[in-house]
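Structure file start30.txt; described as compact mmCIF, C-alpha atoms and all ligand atoms.
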```txt
# COMPACT_ATOMS: atom_id res chain seq x y z
CA MET E 1 -115.89 -77.49 221.41
CA ILE E 2 -117.14 -80.65 223.12
CA ASN E 3 -115.23 -83.88 222.50
CA ARG E 4 -117.76 -86.57 223.26
CA TYR E 5 -116.37 -89.86 224.58
CA LYS E 6 -116.54 -92.58 221.95
CA THR E 7 -118.95 -95.08 223.46
CA LYS E 8 -120.40 -98.33 222.20
CA LYS E 9 -123.71 -97.89 220.40
CA ILE E 10 -126.58 -99.97 221.74
CA PHE E 11 -130.25 -99.89 220.81
CA VAL E 12 -133.22 -99.41 223.09
CA GLY E 13 -135.95 -100.48 220.66
CA ASP E 14 -135.17 -98.43 217.58
CA VAL E 15 -133.47 -95.62 219.52
CA PRO E 16 -129.68 -95.74 219.35
CA VAL E 17 -127.84 -94.86 222.56
CA GLY E 18 -124.11 -94.14 222.51
CA GLY E 19 -121.64 -93.92 219.65
CA ASP E 20 -122.59 -91.10 217.31
CA ALA E 21 -126.28 -91.22 218.27
CA PRO E 22 -127.92 -88.01 219.46
CA ILE E 23 -128.15 -87.79 223.25
CA SER E 24 -131.64 -89.07 224.03
CA VAL E 25 -133.97 -87.70 226.69
CA GLN E 26 -136.11 -90.07 228.70
CA SER E 27 -138.55 -90.00 231.56
CA MET E 28 -140.64 -92.28 233.71
CA THR E 29 -144.38 -92.59 234.23
CA TYR E 30 -145.74 -92.29 237.78
CA THR E 31 -148.96 -94.27 237.38
CA LYS E 32 -149.39 -97.79 238.73
CA THR E 33 -148.06 -99.66 235.72
CA SER E 34 -150.83 -102.23 236.22
CA ASP E 35 -153.28 -99.44 235.28
CA VAL E 36 -152.79 -99.77 231.55
CA GLU E 37 -155.05 -96.91 230.50
CA ALA E 38 -153.51 -94.33 232.86
CA THR E 39 -149.97 -95.46 232.03
CA VAL E 40 -150.55 -95.28 228.28
CA GLU E 41 -152.01 -91.80 228.73
CA GLN E 42 -148.82 -90.63 230.47
CA ILE E 43 -146.62 -92.30 227.85
CA LYS E 44 -148.54 -90.42 225.15
CA ARG E 45 -147.98 -87.15 226.98
CA LEU E 46 -144.26 -87.86 227.24
CA HIS E 47 -144.09 -88.84 223.58
CA PHE E 48 -145.84 -85.62 222.57
CA ALA E 49 -143.45 -83.62 224.76
CA GLY E 50 -140.49 -85.10 222.86
CA ALA E 51 -139.34 -88.05 224.99
CA ASP E 52 -137.20 -90.59 223.15
CA ILE E 53 -137.56 -93.44 225.66
CA VAL E 54 -139.89 -94.12 228.60
CA ARG E 55 -139.23 -96.16 231.73
CA LEU E 56 -141.92 -97.95 233.71
CA ALA E 57 -141.72 -99.24 237.26
CA VAL E 58 -142.40 -102.97 237.50
CA PRO E 59 -142.92 -103.56 241.22
CA ASP E 60 -145.28 -106.56 241.03
CA ILE E 61 -146.61 -109.27 238.75
CA GLU E 62 -149.69 -107.18 237.87
CA ALA E 63 -147.35 -104.50 236.48
CA ALA E 64 -145.29 -107.09 234.59
CA ASN E 65 -148.47 -108.59 233.11
CA ALA E 66 -149.67 -105.15 231.98
CA LEU E 67 -146.56 -104.45 229.89
CA LYS E 68 -147.77 -106.33 226.81
CA ALA E 69 -150.97 -104.28 226.53
CA ILE E 70 -149.03 -101.06 227.16
CA LYS E 71 -146.40 -101.94 224.57
CA GLU E 72 -149.11 -102.52 221.96
CA GLN E 73 -150.34 -98.95 222.40
CA THR E 74 -147.11 -97.00 221.98
CA SER E 75 -144.17 -96.80 219.64
CA LEU E 76 -141.88 -95.32 222.33
CA PRO E 77 -139.23 -97.79 223.49
CA ILE E 78 -139.98 -99.05 226.99
CA VAL E 79 -137.46 -99.75 229.75
CA ALA E 80 -138.68 -101.96 232.60
CA ASP E 81 -137.39 -100.76 235.97
CA ILE E 82 -136.71 -103.72 238.25
CA HIS E 83 -135.83 -103.82 241.94
CA PHE E 84 -135.67 -106.84 244.27
CA ASN E 85 -137.62 -109.45 242.26
CA TYR E 86 -135.62 -110.76 239.30
CA LYS E 87 -138.58 -112.86 238.12
CA LEU E 88 -140.34 -109.62 237.15
CA ALA E 89 -137.38 -108.86 234.88
CA LEU E 90 -137.76 -112.26 233.22
CA LYS E 91 -141.44 -111.58 232.58
CA ALA E 92 -140.82 -108.00 231.40
CA ALA E 93 -138.05 -109.11 229.04
CA GLU E 94 -140.66 -110.91 226.96
CA VAL E 95 -142.07 -107.58 225.73
CA VAL E 96 -140.05 -104.47 226.66
CA ASP E 97 -136.99 -102.94 224.95
CA CYS E 98 -134.53 -102.75 227.85
CA ILE E 99 -134.22 -103.98 231.42
CA ARG E 100 -132.87 -101.73 234.15
CA PHE E 101 -131.85 -103.52 237.31
CA ASN E 102 -130.39 -102.14 240.50
CA PRO E 103 -127.42 -104.29 241.55
CA GLY E 104 -127.89 -103.04 245.10
CA ASN E 105 -131.08 -105.01 245.52
CA ILE E 106 -130.56 -107.88 243.07
CA SER E 107 -127.07 -109.01 243.98
CA ASP E 108 -127.48 -112.79 243.66
CA LYS E 109 -125.35 -113.60 240.63
CA GLN E 110 -127.49 -116.53 239.55
CA LYS E 111 -130.50 -114.20 239.35
CA ILE E 112 -128.57 -111.63 237.31
CA LYS E 113 -127.44 -114.44 235.04
CA GLU E 114 -131.05 -115.37 234.35
CA ILE E 115 -131.91 -111.73 233.57
CA VAL E 116 -129.01 -111.59 231.12
CA GLN E 117 -130.06 -114.84 229.46
CA ALA E 118 -133.61 -113.52 229.03
CA CYS E 119 -132.25 -110.29 227.49
CA LYS E 120 -129.93 -112.20 225.17
CA GLN E 121 -132.86 -114.12 223.75
CA ARG E 122 -134.46 -110.89 222.48
CA ASN E 123 -131.27 -108.83 221.98
CA LEU E 124 -132.28 -106.44 224.72
CA PRO E 125 -129.79 -104.13 226.41
CA VAL E 126 -129.44 -103.90 230.17
CA ARG E 127 -128.96 -100.77 232.24
CA ILE E 128 -126.87 -101.37 235.32
CA GLY E 129 -128.53 -98.72 237.45
CA VAL E 130 -126.31 -98.05 240.45
CA ASN E 131 -127.88 -95.85 243.12
CA CYS E 132 -125.89 -94.32 245.94
CA GLY E 133 -128.71 -94.92 248.40
CA SER E 134 -128.90 -98.65 247.71
CA LEU E 135 -125.35 -99.89 247.17
CA GLU E 136 -124.50 -103.56 247.70
CA SER E 137 -123.33 -103.97 251.27
CA GLN E 138 -119.78 -105.02 250.31
CA PHE E 139 -119.27 -101.64 248.61
CA GLU E 140 -121.16 -99.52 251.12
CA ASP E 141 -119.30 -101.15 254.03
CA LYS E 142 -115.93 -100.48 252.40
CA TYR E 143 -116.46 -97.07 250.76
CA GLY E 144 -119.65 -95.69 252.32
CA GLN E 145 -122.19 -93.94 250.12
CA THR E 146 -119.50 -92.36 247.96
CA ALA E 147 -118.65 -91.93 244.32
CA LYS E 148 -115.95 -94.57 244.77
CA GLY E 149 -118.53 -97.00 246.16
CA MET E 150 -120.81 -96.45 243.16
CA VAL E 151 -117.95 -96.84 240.69
CA GLU E 152 -116.71 -100.05 242.33
CA SER E 153 -120.25 -101.48 242.19
CA ALA E 154 -120.51 -100.60 238.49
CA ILE E 155 -117.10 -102.11 237.69
CA TYR E 156 -117.98 -105.32 239.54
CA ASN E 157 -121.31 -105.72 237.74
CA ILE E 158 -119.94 -104.80 234.32
CA LYS E 159 -117.29 -107.49 234.76
CA TYR E 160 -119.94 -110.02 235.74
CA LEU E 161 -122.02 -109.27 232.62
CA GLU E 162 -118.91 -109.34 230.41
CA ASP E 163 -118.00 -112.75 231.85
CA LEU E 164 -121.43 -113.89 230.65
CA ASP E 165 -120.40 -112.62 227.22
CA PHE E 166 -122.94 -109.79 227.46
CA THR E 167 -121.95 -106.26 226.44
CA ASP E 168 -125.20 -104.52 225.46
CA ILE E 169 -124.86 -102.45 228.58
CA LYS E 170 -125.50 -98.89 229.64
CA ILE E 171 -124.67 -97.57 233.04
CA SER E 172 -126.04 -95.03 235.46
CA LEU E 173 -124.45 -93.85 238.70
CA LYS E 174 -127.01 -91.74 240.49
CA ALA E 175 -126.73 -89.84 243.74
CA SER E 176 -129.14 -87.24 245.03
CA ASP E 177 -126.50 -84.52 245.11
CA VAL E 178 -124.56 -82.85 242.36
CA GLN E 179 -120.98 -83.45 243.52
CA ARG E 180 -121.14 -87.21 244.05
CA THR E 181 -123.05 -87.62 240.80
CA VAL E 182 -120.47 -85.72 238.75
CA GLU E 183 -117.51 -87.30 240.55
CA SER E 184 -118.71 -90.85 239.97
CA TYR E 185 -119.43 -90.46 236.26
CA ARG E 186 -116.08 -88.73 235.75
CA MET E 187 -114.30 -91.49 237.67
CA LEU E 188 -115.87 -94.33 235.69
CA ARG E 189 -115.78 -92.74 232.22
CA PRO E 190 -112.15 -93.53 231.27
CA LEU E 191 -112.46 -97.15 232.46
CA ASN E 192 -114.81 -98.52 229.78
CA ASN E 193 -116.69 -97.47 226.65
CA TYR E 194 -120.26 -98.33 227.60
CA PRO E 195 -122.87 -95.61 227.10
CA PHE E 196 -123.84 -93.63 230.19
CA HIS E 197 -127.35 -92.74 231.29
CA LEU E 198 -127.02 -89.46 233.21
CA GLY E 199 -129.20 -88.24 236.03
CA VAL E 200 -129.32 -86.82 239.52
CA THR E 201 -131.70 -89.04 241.43
CA GLU E 202 -134.45 -87.75 243.69
CA ALA E 203 -133.53 -84.25 242.59
CA GLY E 204 -136.66 -82.69 244.09
CA THR E 205 -139.20 -80.22 242.81
CA ALA E 206 -139.10 -78.70 239.34
CA PHE E 207 -137.15 -75.67 240.57
CA HIS E 208 -134.46 -77.54 242.52
CA SER E 209 -134.22 -80.38 240.03
CA THR E 210 -133.69 -77.94 237.19
CA ILE E 211 -130.79 -76.34 239.05
CA LYS E 212 -129.19 -79.60 240.23
CA SER E 213 -129.61 -81.28 236.86
CA SER E 214 -128.31 -78.27 234.95
CA ILE E 215 -125.17 -78.14 237.07
CA ALA E 216 -124.49 -81.88 237.16
CA LEU E 217 -125.54 -82.89 233.68
CA GLY E 218 -124.25 -79.63 232.21
CA SER E 219 -120.79 -80.27 233.71
CA LEU E 220 -120.71 -83.84 232.43
CA LEU E 221 -122.03 -83.02 228.98
CA LEU E 222 -119.42 -80.30 228.54
CA ASP E 223 -116.83 -82.93 229.47
CA GLY E 224 -118.18 -85.07 226.63
CA ILE E 225 -119.80 -87.53 229.04
CA GLY E 226 -123.34 -88.81 228.57
CA ASP E 227 -125.38 -90.66 225.96
CA THR E 228 -128.89 -90.56 227.36
CA MET E 229 -130.40 -88.67 230.29
CA ARG E 230 -133.33 -88.34 232.63
CA ILE E 231 -134.20 -85.25 234.64
CA SER E 232 -135.76 -86.50 237.86
CA MET E 233 -138.54 -84.21 239.18
CA THR E 234 -141.19 -84.76 241.79
CA GLY E 235 -144.52 -85.30 240.07
CA GLU E 236 -143.67 -83.83 236.66
CA LEU E 237 -143.83 -85.34 233.19
CA GLU E 238 -143.53 -82.86 230.33
CA LYS E 239 -141.33 -80.57 232.41
CA GLU E 240 -138.67 -83.30 232.71
CA ILE E 241 -138.45 -83.50 228.93
CA GLU E 242 -138.59 -79.72 228.50
CA VAL E 243 -135.70 -79.20 230.93
CA GLY E 244 -133.71 -82.11 229.48
CA ARG E 245 -133.93 -80.72 225.98
CA ALA E 246 -133.23 -77.20 227.22
CA ILE E 247 -130.03 -78.41 228.92
CA LEU E 248 -128.89 -80.00 225.66
CA LYS E 249 -129.81 -76.87 223.74
CA ASP E 250 -128.23 -74.38 226.12
CA ALA E 251 -125.08 -76.50 226.40
CA GLY E 252 -124.83 -76.09 222.61
CA ILE E 253 -125.24 -79.84 221.98
CA ILE E 254 -128.43 -79.68 219.97
CA LYS E 255 -129.64 -76.87 217.79
CA GLU E 256 -133.40 -76.65 217.99
CA GLY E 257 -135.81 -73.72 217.84
CA LEU E 258 -135.14 -70.16 218.86
CA ASN E 259 -132.22 -69.13 221.00
CA ILE E 260 -133.62 -65.92 222.48
CA ILE E 261 -131.11 -63.39 223.71
CA SER E 262 -132.87 -60.83 225.90
CA CYS E 263 -131.44 -58.38 228.37
CA PRO E 264 -132.25 -58.49 232.08
CA THR E 265 -133.73 -54.92 231.87
CA CYS E 266 -132.62 -51.94 233.94
CA GLY E 267 -133.42 -48.25 234.44
CA ARG E 268 -132.63 -47.51 230.78
CA ILE E 269 -135.46 -49.73 229.53
CA GLU E 270 -137.51 -48.20 226.71
CA ALA E 271 -140.36 -50.76 226.42
CA ASP E 272 -142.25 -53.49 228.27
CA LEU E 273 -139.57 -56.06 227.51
CA VAL E 274 -140.95 -58.74 229.84
CA SER E 275 -144.23 -58.89 227.90
CA ALA E 276 -142.41 -58.65 224.57
CA VAL E 277 -140.15 -61.64 225.32
CA ALA E 278 -143.07 -63.68 226.67
CA GLU E 279 -144.94 -62.94 223.45
CA VAL E 280 -141.93 -63.97 221.35
CA GLU E 281 -141.60 -67.25 223.29
CA LYS E 282 -145.29 -68.03 222.85
CA ALA E 283 -145.50 -67.08 219.18
CA THR E 284 -142.40 -69.07 218.23
CA ALA E 285 -142.84 -72.21 220.37
CA HIS E 286 -143.73 -74.24 217.25
CA ILE E 287 -140.45 -73.40 215.45
CA LYS E 288 -137.87 -76.19 215.36
CA THR E 289 -135.44 -74.46 212.97
CA PRO E 290 -132.47 -73.16 214.95
CA LEU E 291 -132.41 -69.36 214.92
CA ASN E 292 -130.66 -66.76 217.04
CA VAL E 293 -132.84 -63.79 217.86
CA SER E 294 -132.26 -60.89 220.19
CA VAL E 295 -134.80 -58.67 221.93
CA MET E 296 -133.12 -55.84 223.82
CA GLY E 297 -134.57 -53.09 225.98
CA CYS E 298 -132.45 -50.16 224.72
CA VAL E 299 -129.66 -49.42 222.28
CA VAL E 300 -126.77 -49.89 224.75
CA ASN E 301 -126.04 -53.52 223.80
CA ALA E 302 -128.75 -54.08 221.20
CA ILE E 303 -126.65 -53.28 218.15
CA GLY E 304 -123.77 -55.48 219.36
CA GLU E 305 -126.06 -58.44 220.13
CA ALA E 306 -127.89 -57.98 216.83
CA LYS E 307 -124.64 -58.63 214.95
CA SER E 308 -124.80 -62.33 215.75
CA ALA E 309 -128.60 -62.61 215.60
CA ASP E 310 -130.66 -63.67 212.61
CA VAL E 311 -133.39 -61.20 213.59
CA ALA E 312 -133.33 -58.57 216.36
CA ILE E 313 -135.30 -55.79 217.97
CA ALA E 314 -133.58 -52.77 219.51
CA TYR E 315 -136.11 -50.74 221.49
CA GLY E 316 -135.56 -46.97 221.60
CA ASN E 317 -137.41 -43.91 222.83
CA GLY E 318 -140.93 -44.27 221.32
CA SER E 319 -139.58 -46.26 218.39
CA GLY E 320 -137.08 -48.98 217.64
CA LEU E 321 -135.15 -50.89 215.01
CA ILE E 322 -135.65 -54.22 213.28
CA ILE E 323 -132.24 -55.66 212.50
CA LYS E 324 -131.50 -58.69 210.31
CA LYS E 325 -128.05 -60.27 210.27
CA GLY E 326 -126.63 -57.07 211.72
CA GLU E 327 -128.27 -54.75 209.15
CA VAL E 328 -131.00 -52.29 210.18
CA ILE E 329 -133.95 -53.00 207.89
CA GLU E 330 -136.61 -50.78 209.42
CA LYS E 331 -137.34 -48.16 212.07
CA LEU E 332 -140.88 -48.39 213.49
CA PRO E 333 -142.97 -47.00 216.36
CA THR E 334 -142.67 -49.18 219.48
CA ASP E 335 -146.15 -50.73 219.15
CA LYS E 336 -145.41 -51.95 215.61
CA LEU E 337 -142.07 -53.60 216.33
CA LEU E 338 -143.14 -56.96 217.70
CA ALA E 339 -145.47 -57.92 214.85
CA ARG E 340 -142.82 -56.92 212.30
CA PHE E 341 -140.15 -58.86 214.16
CA LEU E 342 -142.29 -62.03 214.22
CA GLU E 343 -142.96 -61.62 210.50
CA GLU E 344 -139.23 -61.51 209.83
CA VAL E 345 -138.63 -64.53 212.06
CA GLU E 346 -141.15 -66.60 210.07
CA LYS E 347 -139.55 -65.39 206.81
CA GLU E 348 -136.13 -66.44 208.06
CA VAL E 349 -137.43 -69.87 209.10
CA LYS E 350 -138.89 -70.44 205.61
CA LEU E 351 -135.61 -69.35 204.03
CA GLN E 352 -133.57 -71.72 206.18
CA GLU E 353 -135.96 -74.62 205.61
CA LYS E 354 -135.63 -74.34 201.80
FE1 LIG E 401 -130.56 -52.01 230.49
FE2 LIG E 401 -130.45 -51.46 227.89
FE3 LIG E 401 -128.81 -53.33 228.95
FE4 LIG E 401 -131.40 -53.83 228.69
S1 LIG E 401 -129.96 -53.47 227.02
S2 LIG E 401 -130.14 -54.18 230.51
S3 LIG E 401 -132.31 -51.85 229.10
S4 LIG E 401 -128.80 -51.14 229.37
```
Using the file provided, produce a representation of the structure as structure tokens.
Amino acid sequence: MINRYKTKKIFVGDVPVGGDAPISVQSMTYTKTSDVEATVEQIKRLHFAGADIVRLAVPDIEAANALKAIKEQTSLPIVADIHFNYKLALKAAEVVDCIRFNPGNISDKQKIKEIVQACKQRNLPVRIGVNCGSLESQFEDKYGQTAKGMVESAIYNIKYLEDLDFTDIKISLKASDVQRTVESYRMLRPLNNYPFHLGVTEAGTAFHSTIKSSIALGSLLLDGIGDTMRISMTGELEKEIEVGRAILKDAGIIKEGLNIISCPTCGRIEADLVSAVAEVEKATAHIKTPLNVSVMGCVVNAIGEAKSADVAIAYGNGSGLIIKKGEVIEKLPTDKLLARFLEEVEKEVKLQEK
């Protein structure tokens, strides 16, 4: 049982973040934001893949000027990502749904004040995006690139925004390694109730990012920490969303689509289980209804696993069983099992959707 921290609910466009809102999954385009057509194309891909929010880099005035045309072509809430030049935040705040600034490279308080004033005018939230690799010098000098340094930076900047009577805040504390990431979020969590944006920054290729993000975000989510998240991967779009949603699903936080239990196979295997499971994944990718199914290579654990599955296959010698809710409903030759199983899965989906 996960006890999620009770955080303040803010809104990024029409997407709630924090409080009792579902944990949202977001990503970032990697086009030049000034290239409106290419950026909109990537936003559409992310939207189709299931992203709730998209973030765009705003490194120059051309990018800031392009935001209006981009915003007109998507219903996904847009976060403008600002480093160094606070004037780009002022321009972006005219059209986007949230401003993310990095306090490590915009530390002049007057400039932050102007960003906050611009956000107040349109009721926009701000993400204080602390990065371990770009801490303000007063924190890096004192604490080094540590979790403590990130947390002190966040506390300092939260206080500054609160003193400006601004509390539509979310916070991220990103390091490129799992331990500092987890440590910093855990350290800051009890000290305020602002929603947290989780992520391991610069997490690498799809393979390494999936592992780092699963460990770090999985640990935090099981602690009840986290309100929105981004999986950072080198050069990926849809995969970031796929992995983000899979982490939420496999942590038991969202129930969505098929949970496929399949054995690792061994010398007792009675069928081509690898192909069978691949076929099940492909044929059921469209299903959003949460179902537990099990596809097992022999009878050793198949009957036990089938007890908690909505629909199951237990392969045997030349034939196998179709099991529903723990009851054997049919024995069929091996080559007939998969089609029958998929038929029963679709039936079960229809039943549950009624
Ligand atoms: Fe091996 Fe059977 Fe277990 Fe699969 S279910 S791993 S085939 S013993």
For ligand LIG 401 (chain E), list the contacting residues at 8 Å or closer, counting all atoms listed in the file, as a JSON list (two decimals) with C-alpha atoms, in the coordinates of the input.
```json
[["chain", "number", "residue", "atom", "x", "y", "z"],
["E", 262, "SER", "CA", -132.87, -60.83, 225.90],
["E", 263, "CYS", "CA", -131.44, -58.38, 228.37],
["E", 264, "PRO", "CA", -132.25, -58.49, 232.08],
["E", 265, "THR", "CA", -133.73, -54.92, 231.87],
["E", 266, "CYS", "CA", -132.62, -51.94, 233.94],
["E", 267, "GLY", "CA", -133.42, -48.25, 234.44],
["E", 268, "ARG", "CA", -132.63, -47.51, 230.78],
["E", 269, "ILE", "CA", -135.46, -49.73, 229.53],
["E", 270, "GLU", "CA", -137.51, -48.20, 226.71],
["E", 296, "MET", "CA", -133.12, -55.84, 223.82],
["E", 297, "GLY", "CA", -134.57, -53.09, 225.98],
["E", 298, "CYS", "CA", -132.45, -50.16, 224.72],
["E", 299, "VAL", "CA", -129.66, -49.42, 222.28],
["E", 300, "VAL", "CA", -126.77, -49.89, 224.75],
["E", 301, "ASN", "CA", -126.04, -53.52, 223.80],
["E", 302, "ALA", "CA", -128.75, -54.08, 221.20]]
```
- [ ] Could you give me, as a count of residues only, the residues within 10 Å of Gln117 of chain E, counting all atoms listed in the file and dropping anything in the same chain fewer than 4 positions from it?
- [x] 11
Open item on the list: Which residues are close to Val25 of chain E, i.e. within 12 Å by only C-alpha atoms, leaving aside same-chain residues fewer than 6 positions away? Reply as a PyMOL selection string.
Closed with: chain E and resi 15-17+46-47+49-55+76-77+197-199+217+226-232+238-249+254
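The residue that comes closest to Val116 of chain E, out of E:Gln26, E:Ser294, E:Ser275, E:Thr167 and on the basis of all atoms listed in the file, is E:Thr167.
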TODO: Mind checking which residues fall within 12 Å of Thr234 of chain E, counting all atoms listed in the file, ignoring those fewer than 4 positions away in the same chain, and posting them as a PyMOL selection string?
DONE: chain E and resi 27-30+201-210+238-240
Since the input lacks some atoms of segment 129-146 of chain E, please model N, CA and C atoms and print them as a PDB file, in the coordinates of the input.
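Full text of out12.pdb as output:
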```pdb
ATOM      1  N   GLY E 129    -128.136 -99.994 236.833  1.00  0.00           N
ATOM      2  CA  GLY E 129    -128.530 -98.720 237.450  1.00  0.00           C
ATOM      3  C   GLY E 129    -128.077 -98.659 238.892  1.00  0.00           C
ATOM      4  N   VAL E 130    -126.852 -98.141 239.098  1.00  0.00           N
ATOM      5  CA  VAL E 130    -126.310 -98.050 240.450  1.00  0.00           C
ATOM      6  C   VAL E 130    -126.874 -96.809 241.140  1.00  0.00           C
ATOM      7  N   ASN E 131    -127.367 -96.983 242.345  1.00  0.00           N
ATOM      8  CA  ASN E 131    -127.880 -95.850 243.120  1.00  0.00           C
ATOM      9  C   ASN E 131    -127.101 -95.745 244.429  1.00  0.00           C
ATOM     10  N   CYS E 132    -126.707 -94.523 244.740  1.00  0.00           N
ATOM     11  CA  CYS E 132    -125.890 -94.320 245.940  1.00  0.00           C
ATOM     12  C   CYS E 132    -126.620 -94.753 247.218  1.00  0.00           C
ATOM     13  N   GLY E 133    -127.941 -94.600 247.203  1.00  0.00           N
ATOM     14  CA  GLY E 133    -128.710 -94.920 248.400  1.00  0.00           C
ATOM     15  C   GLY E 133    -128.997 -96.407 248.574  1.00  0.00           C
ATOM     16  N   SER E 134    -128.634 -97.214 247.581  1.00  0.00           N
ATOM     17  CA  SER E 134    -128.900 -98.650 247.710  1.00  0.00           C
ATOM     18  C   SER E 134    -127.734 -99.470 247.156  1.00  0.00           C
ATOM     19  N   LEU E 135    -126.543 -99.139 247.610  1.00  0.00           N
ATOM     20  CA  LEU E 135    -125.350 -99.890 247.170  1.00  0.00           C
ATOM     21  C   LEU E 135    -125.335-101.281 247.786  1.00  0.00           C
ATOM     22  N   GLU E 136    -124.700-102.253 247.088  1.00  0.00           N
ATOM     23  CA  GLU E 136    -124.500-103.560 247.700  1.00  0.00           C
ATOM     24  C   GLU E 136    -123.677-103.355 248.974  1.00  0.00           C
ATOM     25  N   SER E 137    -123.953-104.201 249.960  1.00  0.00           N
ATOM     26  CA  SER E 137    -123.330-103.970 251.270  1.00  0.00           C
ATOM     27  C   SER E 137    -121.795-104.040 251.212  1.00  0.00           C
ATOM     28  N   GLN E 138    -121.256-104.928 250.316  1.00  0.00           N
ATOM     29  CA  GLN E 138    -119.780-105.020 250.310  1.00  0.00           C
ATOM     30  C   GLN E 138    -119.136-103.710 249.861  1.00  0.00           C
ATOM     31  N   PHE E 139    -119.845-102.911 249.040  1.00  0.00           N
ATOM     32  CA  PHE E 139    -119.270-101.640 248.610  1.00  0.00           C
ATOM     33  C   PHE E 139    -119.595-100.528 249.606  1.00  0.00           C
ATOM     34  N   GLU E 140    -120.818-100.560 250.139  1.00  0.00           N
ATOM     35  CA  GLU E 140    -121.160 -99.520 251.120  1.00  0.00           C
ATOM     36  C   GLU E 140    -120.309 -99.679 252.377  1.00  0.00           C
ATOM     37  N   ASP E 141    -120.103-100.943 252.817  1.00  0.00           N
ATOM     38  CA  ASP E 141    -119.300-101.150 254.030  1.00  0.00           C
ATOM     39  C   ASP E 141    -117.870-100.641 253.836  1.00  0.00           C
ATOM     40  N   LYS E 142    -117.340-100.852 252.645  1.00  0.00           N
ATOM     41  CA  LYS E 142    -115.930-100.480 252.400  1.00  0.00           C
ATOM     42  C   LYS E 142    -115.760 -98.993 252.077  1.00  0.00           C
ATOM     43  N   TYR E 143    -116.675 -98.448 251.259  1.00  0.00           N
ATOM     44  CA  TYR E 143    -116.460 -97.070 250.760  1.00  0.00           C
ATOM     45  C   TYR E 143    -117.507 -96.075 251.263  1.00  0.00           C
ATOM     46  N   GLY E 144    -118.554 -96.584 251.945  1.00  0.00           N
ATOM     47  CA  GLY E 144    -119.650 -95.690 252.320  1.00  0.00           C
ATOM     48  C   GLY E 144    -120.453 -95.316 251.092  1.00  0.00           C
ATOM     49  N   GLN E 145    -121.369 -94.364 251.264  1.00  0.00           N
ATOM     50  CA  GLN E 145    -122.190 -93.940 250.120  1.00  0.00           C
ATOM     51  C   GLN E 145    -121.427 -92.866 249.338  1.00  0.00           C
ATOM     52  N   THR E 146    -120.399 -93.298 248.652  1.00  0.00           N
ATOM     53  CA  THR E 146    -119.500 -92.360 247.960  1.00  0.00           C
ATOM     54  C   THR E 146    -119.476 -92.649 246.469  1.00  0.00           C
TER      55      THR E 146
END
```
